Structure formats: structure tokens, C-alpha cells
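Asker: Could you have a look at this structure, given as C-alpha cells, before my questions?
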Protein chains: 2
Amino acid sequence: MTAPLAGILGGMGPAATAEFYAKLVARTPAVRDQDHLRVVVWADPTVPDRVAAVLDGSTDPYPALLDGARRLRDLGATVVGIPCHTAHFFLPKLAADTGLRFVDMVAETAAALGDRTGRVALLGTRGTIASRLYQDRLPGVDLLIPPEPVQQDVDRAVAAVKRHAIGEAAAHLDRALRALGAPLTVLACTELPLAARHTTAPGDLLDPTDLLADAMIAACRPSTTDARVSTMD
Amino acid sequence: MTAPLAGILGGMGPAATAEFYAKLVARTPAVRDQDHLRVVVWADPTVPDRVAAVLDGSTDPYPALLDGARRLRDLGATVVGIPCHTAHFFLPKLAADTGLRFVDMVAETAAALGDRTGRVALLGTRGTIASRLYQDRLPGVDLLIPPEPVQQDVDRAVAAVKRHAIGEAAAHLDRALRALGAPLTVLACTELPLAARHTTAPGDLLDPTDLLADAMIAACRPSTTDARVSTMD
């Protein structure tokens with residue numbers, strides 16, 4: 001029997017995808033190469049802007065996403081993760097159109113938050129916020145959505161990571177975290193964990209890519225799986 | 001016209017592959033996602049041990065390597081890099097059997113060293129050393145091959161990275177570097193750069209994965225390419 005194959009539909013953005021793959025490796029219990037998961041990464045950074053697509057329909061990333069997902073399916077991916085929150089807007093359609101089993105990072109995060117009390121700040125792209133990806137799955141959580149000036153800092157942090165300016169990204173993220181002052185913040189954009197390593201703002205951070213990695217590892221080791229997957233079944 | 005597609009034949013080991021992919025992204029001049037290379041990573045850590053194959057033929061990784069290379073070819077990879085030195089032993093045959101264009105990390109490193117004067121320490125797996133991958137391409141360089149006790153530290157450093165014990169790996173690498181005391185050391189195993197971040201031994205380090213990344217970026221931007229590629233042409 002062929003070993004499971006973890007698929008990563010990435011490139012959105014590329015640094016976040018590389019970070020996620022490294023995390024998937026680091027979180028896999030292993031003492032030698034052969035203990036690790038077989039992984040295939042399809043990273044097409046030329047996928048049209050997901051945020052613009054969600055906000056005003058001015059671009060359509062779906063054909064590129066579907067093309068990548070089909071490639072992962074044709075390679076035999078057992079389960080697929082998308083290290084991009086905004087792209088999760090398209091996940092139900094991708095699952096239906098490909099029959100692939102996806103791990104849903106938003107669902108994993110919602111499950112981890114549960115009925116948490118206290119304010120939880122949600123930092124993401126304007127596309128993620130506007131699509132209510134998180135808000136609709138967390139009706140019982142007191143979510144703090146950044147006001148416009150803080151969202152501008154989030155936007156700048158994300159853009160800075162994409163052009164390799166991590167120090168600048170960290171400064172913007174730090175300012176956003178301090179302005180919100182929440183006891184817990186969800187880093188609901190996969191660029192933000194790269195910046196978060198260098199912040200000093202108080203408060204806890206929840207990185208949904210940790211949850212996505214763990215769920216993918218569990219899904220590739222079926223005896224222990226409890227990942228929240230989305231399929232067309 | 002479809003944009004170039006960089007292929008990474010990885011998994012040997014997985015952490016080294018993730019590190020290499022991150023490096024490829026970080027070294028690509030870009031201000032937004034769409035400036036980055038399209039990348040596909042095939043990472044099969046279940047490839048049988050390359051070192052044992054080179055040393056005593058007790059395992060045969062070639063069918064798994066060929067399978068991965070064919071997948072990258074069928075996906076349309078423009079150029080392929082292998083972030084594993086020992087696996088370069090099989091590169092000429094892979095190139096001949098697939099018709100793929102590979103960037104040869106050993107050739108890139110040999111070209112960078114040129115006719116360097118002064119001793120150059122070569123740290124790699126026993127497979128890389130025994131196969132004379134580097135020695136035969138650097139006839140004019142005064143290469144320092146580790147004596148047995150130092151090679152044992154190199155082996156331990158590599159093994160520690162593979163089980164995520166980076167601090168322990170760094171201690172072994174540091175000891176090896178100090179024992180050799182070379183003004184320049186080639187990190188000719190892709191696990192070693194992960195450990196090298198945490199060493200304090202004097203002397204310069206040459207990381208061939210930097211050269212592989214730059215050559216792949218150049219090869220995907222044909223107007224500026226000067227990568228030393230290996231094809232069947």
C-alpha cells in the first residue's frame with residue numbers, strides 16, 4: 001500500500017507556504033526521513049488576487065485554484081490543506097468540484113476556540129473579514145474586528161511579508177496588536193505568523209496554521225485522525 | 001505562455017527541503033505574490049537511504065527518485081533542483097532517463113569555488129564523500145576531508161536535524177568545524193545549514209543550497225540564466 005500523501009495547495013503567498021511546509025515537517029513526530037509524511041506542494045503565486053475577488057469580484061482565482069487542486073488529486077493526494085485563509089472562501093466549491101478531502105483551517109480554528117470567553121481579536125485580510133469566514137463560524141465568541149486604521153496596519157504587515165520585509169511587517173503587526181489590546185488574537189492570514197515571531201506586544205496569539213498542520217498530520221495517520229475535513233461525500 | 005515552473009525533488013530530508021523552498025522564495029526578487037516563481041515540490045521522505053546505496057548498494061533509491069522526477073516532468077517543470085547532495089550521485093542518470101533539465105548543485109558549488117587557494121573543508125554524508133562527488137570536480141582545490149572522529153560529528157549533526165534536534169545538531173557541527181579549523185567550509189549536506197545558524201565556530205561557510213536557489217531562479221528567468229544545467233541534450 002502506498003503511504004498517504006499530504007497535498008499543499010499553496011503559493012498564496014509563497015513565504016507563507018514555505019513556512020507552513022516547514023511547520024508540517026517540524027510538527028511530525030520523526031527520528032529519520034522515512035518517518036515523515038510524503039508531501040506534494042503545488043505553489044502557484046500567479047493565482048489572481050483572492051482579496052480583490054472576494055471584495056469586488058474584479059479577479060477570479062478559482063480556475064487557478066481548481067487547476068492546482070486537480071493536479072494534487074491526480075498525483076494521489078490523500079488530504080489537502082490550503083495555507084491561505086482568504087482562499088478558504090472557495091474551499092466548499094473546490095471540494096465539490098474535485099472530490100478531494102480538504103482539511104478546513106477555519107473549521108479547525110473555530111473548534112479550537114470553542115466557546116471561549118473574553119474578547120478575541122481577528123486579524124486577516126479584508127477579504128477574509130468581509131467574507132465573514134470566521135465570524136459566521138464563531139457566533140458565541142466576542143470577536144474584535146479591527147477598525148479601519150488598525151486594518152491598514154494589518155494590510156501593511158501582510159504586504160511587507162510578501163516583499164520579504166519581515167522587520168517592517170513585525171512593526172505593523174505589533175502596532176495593530178497593541179491598538180486592539182485583546183487577550184487573544186487569531187492570526188487569520190498566513191503571512192502574519194512570519195511577522196509575529198518578531199513582535200513584543202502582550203497577549204496570546206493563535207496561529208491557525210499550527211492547527212492545519214496538526215490536522216493534516218492526523219489525517220495522514222488514519223488511526224489517530226480527528227481532523228475536520230470537507231469533502232463532497 | 002505559461003510561466004516557468006521550478007521543480008524541487010525533495011524529501012531528502014524533509015526539513016532540508018522546506019528550508020530550501022523558503023530560501024528559493026526569500027532569494028526571489030519580488031514585491032507581491034505574482035512576482036514569485038511557480039513551484040512544485042515532490043517530497044517523498046520514504047526514498048530509501050541514499051548514503052547506504054552509495055556506500056554498499058544495500059538500498060536502491062533510484063526507482064523512487066525516478067518516479068518523483070517523472071511526476072515533476074509530467075507537471076511541466078521547467079527546471080528541477082534536488083536539495084540533497086548525496087542524491088546528486090544519481091543526477092546524470094535521472095537527467096538521461098527523464099529528459100528533464102536539472103540544476104546541478106555540485107557543479108554550481110565547484111564553479112563558485114573555482115581555483116580557490118587555501119584549505120577548504122568538505123562536510124557531507126559518508127555517501128557524498130565516498131562517491132567523490134566534490135573531490136573529482138575540484139582537482140585544484142586543497143580539500144580537507146574530515147578524519148573519522150570528525151566525520152562522526154558530521155553524521156550526528158545530520159541525524160539530529162532529521163529528528164528536529166537542532167541545538168544538538170549545532171553542537172556537533174560546531175565541534176567538527178573547530179576540529180578542522182579551515183578558513184572555508186562547504187556545507188555539502190542539506191541538513192547542515194539548518195544547524196549552522198546556531199554555530200559560533202570561526203571560519204567562513206559556503207552553503208551550496210544558496211547557489212542552487214539562485215541558479216534555479218536564474219533558470220526560470222531565461223534572459224539572465226547562466227545556471228550549470230544537466231540535461232540529456
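Each chain of the C-alpha cells is named A, B, ... in the order shown, its residues numbered from 1; ligands are numbered from 1 in display order.
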Can you write out as JSON lines which residues of chain B fall within 7 Å of chain A, alongside each residue's closest atom pair and its distance in Å to one decimal, counting only C-alpha atoms and ordering rows by chain and ascending residue number?

Answerer:
```
{"residue": "B:Met12", "atom": "CA", "partner": "A:Asp33", "partner_atom": "CA", "distance": 6.8}
{"residue": "B:Gly13", "atom": "CA", "partner": "A:Asp33", "partner_atom": "CA", "distance": 5.5}
{"residue": "B:Pro14", "atom": "CA", "partner": "A:Val25", "partner_atom": "CA", "distance": 6.4}
{"residue": "B:Ala15", "atom": "CA", "partner": "A:Val25", "partner_atom": "CA", "distance": 6.1}
{"residue": "B:Ala18", "atom": "CA", "partner": "A:Ala22", "partner_atom": "CA", "distance": 5.0}
{"residue": "B:Glu19", "atom": "CA", "partner": "A:Ala22", "partner_atom": "CA", "distance": 7.0}
{"residue": "B:Tyr21", "atom": "CA", "partner": "A:Ala18", "partner_atom": "CA", "distance": 6.0}
{"residue": "B:Ala22", "atom": "CA", "partner": "A:Ala18", "partner_atom": "CA", "distance": 5.0}
{"residue": "B:Val25", "atom": "CA", "partner": "A:Ala15", "partner_atom": "CA", "distance": 6.1}
{"residue": "B:Ala26", "atom": "CA", "partner": "A:His164", "partner_atom": "CA", "distance": 6.5}
{"residue": "B:Ala30", "atom": "CA", "partner": "A:Arg163", "partner_atom": "CA", "distance": 5.6}
{"residue": "B:Val31", "atom": "CA", "partner": "A:Arg163", "partner_atom": "CA", "distance": 4.2}
{"residue": "B:Arg32", "atom": "CA", "partner": "A:Lys162", "partner_atom": "CA", "distance": 5.5}
{"residue": "B:Asp33", "atom": "CA", "partner": "A:Pro45", "partner_atom": "CA", "distance": 5.1}
{"residue": "B:Gln34", "atom": "CA", "partner": "A:Thr46", "partner_atom": "CA", "distance": 4.5}
{"residue": "B:His36", "atom": "CA", "partner": "A:Pro45", "partner_atom": "CA", "distance": 6.0}
{"residue": "B:Leu37", "atom": "CA", "partner": "A:Pro45", "partner_atom": "CA", "distance": 6.9}
{"residue": "B:Arg38", "atom": "CA", "partner": "A:Asp44", "partner_atom": "CA", "distance": 4.6}
{"residue": "B:Val39", "atom": "CA", "partner": "A:Ala43", "partner_atom": "CA", "distance": 5.1}
{"residue": "B:Val40", "atom": "CA", "partner": "A:Trp42", "partner_atom": "CA", "distance": 4.8}
{"residue": "B:Val41", "atom": "CA", "partner": "A:Val41", "partner_atom": "CA", "distance": 4.9}
{"residue": "B:Trp42", "atom": "CA", "partner": "A:Val40", "partner_atom": "CA", "distance": 4.8}
{"residue": "B:Ala43", "atom": "CA", "partner": "A:Val39", "partner_atom": "CA", "distance": 5.1}
{"residue": "B:Asp44", "atom": "CA", "partner": "A:Arg38", "partner_atom": "CA", "distance": 4.6}
{"residue": "B:Pro45", "atom": "CA", "partner": "A:Gln34", "partner_atom": "CA", "distance": 5.1}
{"residue": "B:Thr46", "atom": "CA", "partner": "A:Gln34", "partner_atom": "CA", "distance": 4.5}
{"residue": "B:Lys162", "atom": "CA", "partner": "A:Arg32", "partner_atom": "CA", "distance": 5.5}
{"residue": "B:Arg163", "atom": "CA", "partner": "A:Val31", "partner_atom": "CA", "distance": 4.2}
{"residue": "B:His164", "atom": "CA", "partner": "A:Ala26", "partner_atom": "CA", "distance": 6.5}
```

Asker: Using only C-alpha atoms, please write the residues we just selected to a file, as a PDB file, in the first residue's frame.

Answerer:
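Once written, selection35.pdb looks like this:
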```pdb
ATOM      1  CA  MET B  12      15.838  14.027   1.472  1.00  0.00           C
ATOM      2  CA  GLY B  13      15.403  15.172   4.168  1.00  0.00           C
ATOM      3  CA  PRO B  14      12.106  16.971   4.646  1.00  0.00           C
ATOM      4  CA  ALA B  15      13.386  19.789   6.870  1.00  0.00           C
ATOM      5  CA  ALA B  18      11.369  23.045   3.470  1.00  0.00           C
ATOM      6  CA  GLU B  19      14.412  25.179   4.230  1.00  0.00           C
ATOM      7  CA  TYR B  21      11.941  26.121  -0.606  1.00  0.00           C
ATOM      8  CA  ALA B  22      11.901  29.012   1.891  1.00  0.00           C
ATOM      9  CA  VAL B  25      11.236  32.236  -2.080  1.00  0.00           C
ATOM     10  CA  ALA B  26      13.379  34.594   0.007  1.00  0.00           C
ATOM     11  CA  ALA B  30       9.527  40.187  -5.530  1.00  0.00           C
ATOM     12  CA  VAL B  31       7.159  42.787  -4.179  1.00  0.00           C
ATOM     13  CA  ARG B  32       3.936  40.762  -4.473  1.00  0.00           C
ATOM     14  CA  ASP B  33       2.884  37.126  -4.768  1.00  0.00           C
ATOM     15  CA  GLN B  34       2.589  37.275  -8.530  1.00  0.00           C
ATOM     16  CA  HIS B  36       7.298  34.782  -7.421  1.00  0.00           C
ATOM     17  CA  LEU B  37       8.132  31.576  -9.211  1.00  0.00           C
ATOM     18  CA  ARG B  38       5.575  28.874  -9.715  1.00  0.00           C
ATOM     19  CA  VAL B  39       6.963  25.958  -7.716  1.00  0.00           C
ATOM     20  CA  VAL B  40       6.110  22.306  -7.350  1.00  0.00           C
ATOM     21  CA  VAL B  41       7.704  20.259  -4.582  1.00  0.00           C
ATOM     22  CA  TRP B  42       7.647  16.487  -4.655  1.00  0.00           C
ATOM     23  CA  ALA B  43       8.909  15.410  -1.259  1.00  0.00           C
ATOM     24  CA  ASP B  44       8.973  11.683  -0.665  1.00  0.00           C
ATOM     25  CA  PRO B  45      10.922  11.017   2.530  1.00  0.00           C
ATOM     26  CA  THR B  46      10.322   7.293   2.085  1.00  0.00           C
ATOM     27  CA  LYS B 162      16.376  14.835  10.842  1.00  0.00           C
ATOM     28  CA  ARG B 163      14.818  14.298  14.265  1.00  0.00           C
ATOM     29  CA  HIS B 164      14.304  18.054  14.867  1.00  0.00           C
TER      30      HIS B 164
END
```

Asker: Using only C-alpha atoms, which residues sit within 8 Å of range 77-82 of chain B once same-chain residues fewer than 3 positions away are excluded, as a compact mmCIF listing (two decimals) with C-alpha atoms, in the first residue's frame?

Answerer:
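Result file is part37.txt:
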```
# COMPACT_ATOMS: atom_id res chain seq x y z
CA PRO B 4 8.14 28.76 -15.86
CA LEU B 5 7.69 26.10 -13.19
CA ALA B 6 10.50 25.33 -10.76
CA GLY B 7 10.52 21.71 -9.61
CA ILE B 8 12.01 20.57 -6.32
CA LEU B 9 12.74 16.87 -5.98
CA GLY B 10 12.86 16.79 -2.22
CA VAL B 40 6.11 22.31 -7.35
CA LEU B 72 7.73 16.78 -11.88
CA ARG B 73 8.26 16.37 -15.61
CA ASP B 74 4.62 15.45 -16.21
CA HIS B 85 23.96 16.33 -2.15
CA ALA B 87 21.30 12.17 -4.34
CA HIS B 88 23.40 14.07 -6.90
CA LEU B 100 14.44 16.96 -17.50
CA ARG B 101 16.66 19.97 -17.08
CA PHE B 102 18.31 19.77 -13.65
CA VAL B 103 20.36 22.44 -11.95
CA ASP B 104 23.42 20.63 -10.61
CA MET B 105 24.20 21.88 -7.10
CA LEU B 212 21.13 26.05 -6.11
CA MET B 216 17.02 27.88 -10.26
CA ALA B 219 16.93 29.33 -14.97
CA CYS B 220 13.27 30.34 -14.58
```

Asker: Which residues, written as a list in words, have at least one atom at most 12 Å from Arg156 in chain A, with only C-alpha atoms counted and residues fewer than 4 positions away on the same chain left out?

Answerer: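 Residues meeting the cut-off are Gly124, Thr125, Arg126, Pro149, Val150, Gln151, Gln152, Ala160, Val161, Lys162, Arg163, Ala165, Ile166, Gly167, Glu168, Ala169, Ala170, Ala171, His172, Leu173, Asp174, Arg175, Ala176, Glu191, Leu192 and Ala195 of chain A.
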
Asker: What does the distance from CA of Leu122 in chain A to CA of Ala157 in chain A come to in Å, to one decimal?

Answerer: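 Straight-line distance from CA of Leu122 in chain A to CA of Ala157 in chain A works out to 14.3 Å.
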
Asker: Write down as number ranges by chain the residues of range 46-174 of chain B whose backbone DSSP state falls under helix (DSSP H, G or I).

Answerer: B: 50-56, 62-74, 86-98, 105-113, 126-130, 135-137, 148-162, 166-174

Asker: Pull the strand (DSSP E) assignments for range 98-220 of chain A out of DSSP run on the backbone, and list those residues as a PyMOL selection string.

Answerer: chain A and resi 102-103+119-123+142-144+184-187+204-206

Asker: Just the number, please: distance in Å from CA of Ala182 in chain A to CA of Ala111 in chain A, one decimal.

Answerer: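 If I compute the distance from CA of Ala182 in chain A to CA of Ala111 in chain A, I get 19.6 Å.
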
Asker: Could you please determine the separation between CA of Asp56 in chain A and CA of Ala188 in chain A in Å, to one decimal place?

Answerer: 20.4 Å
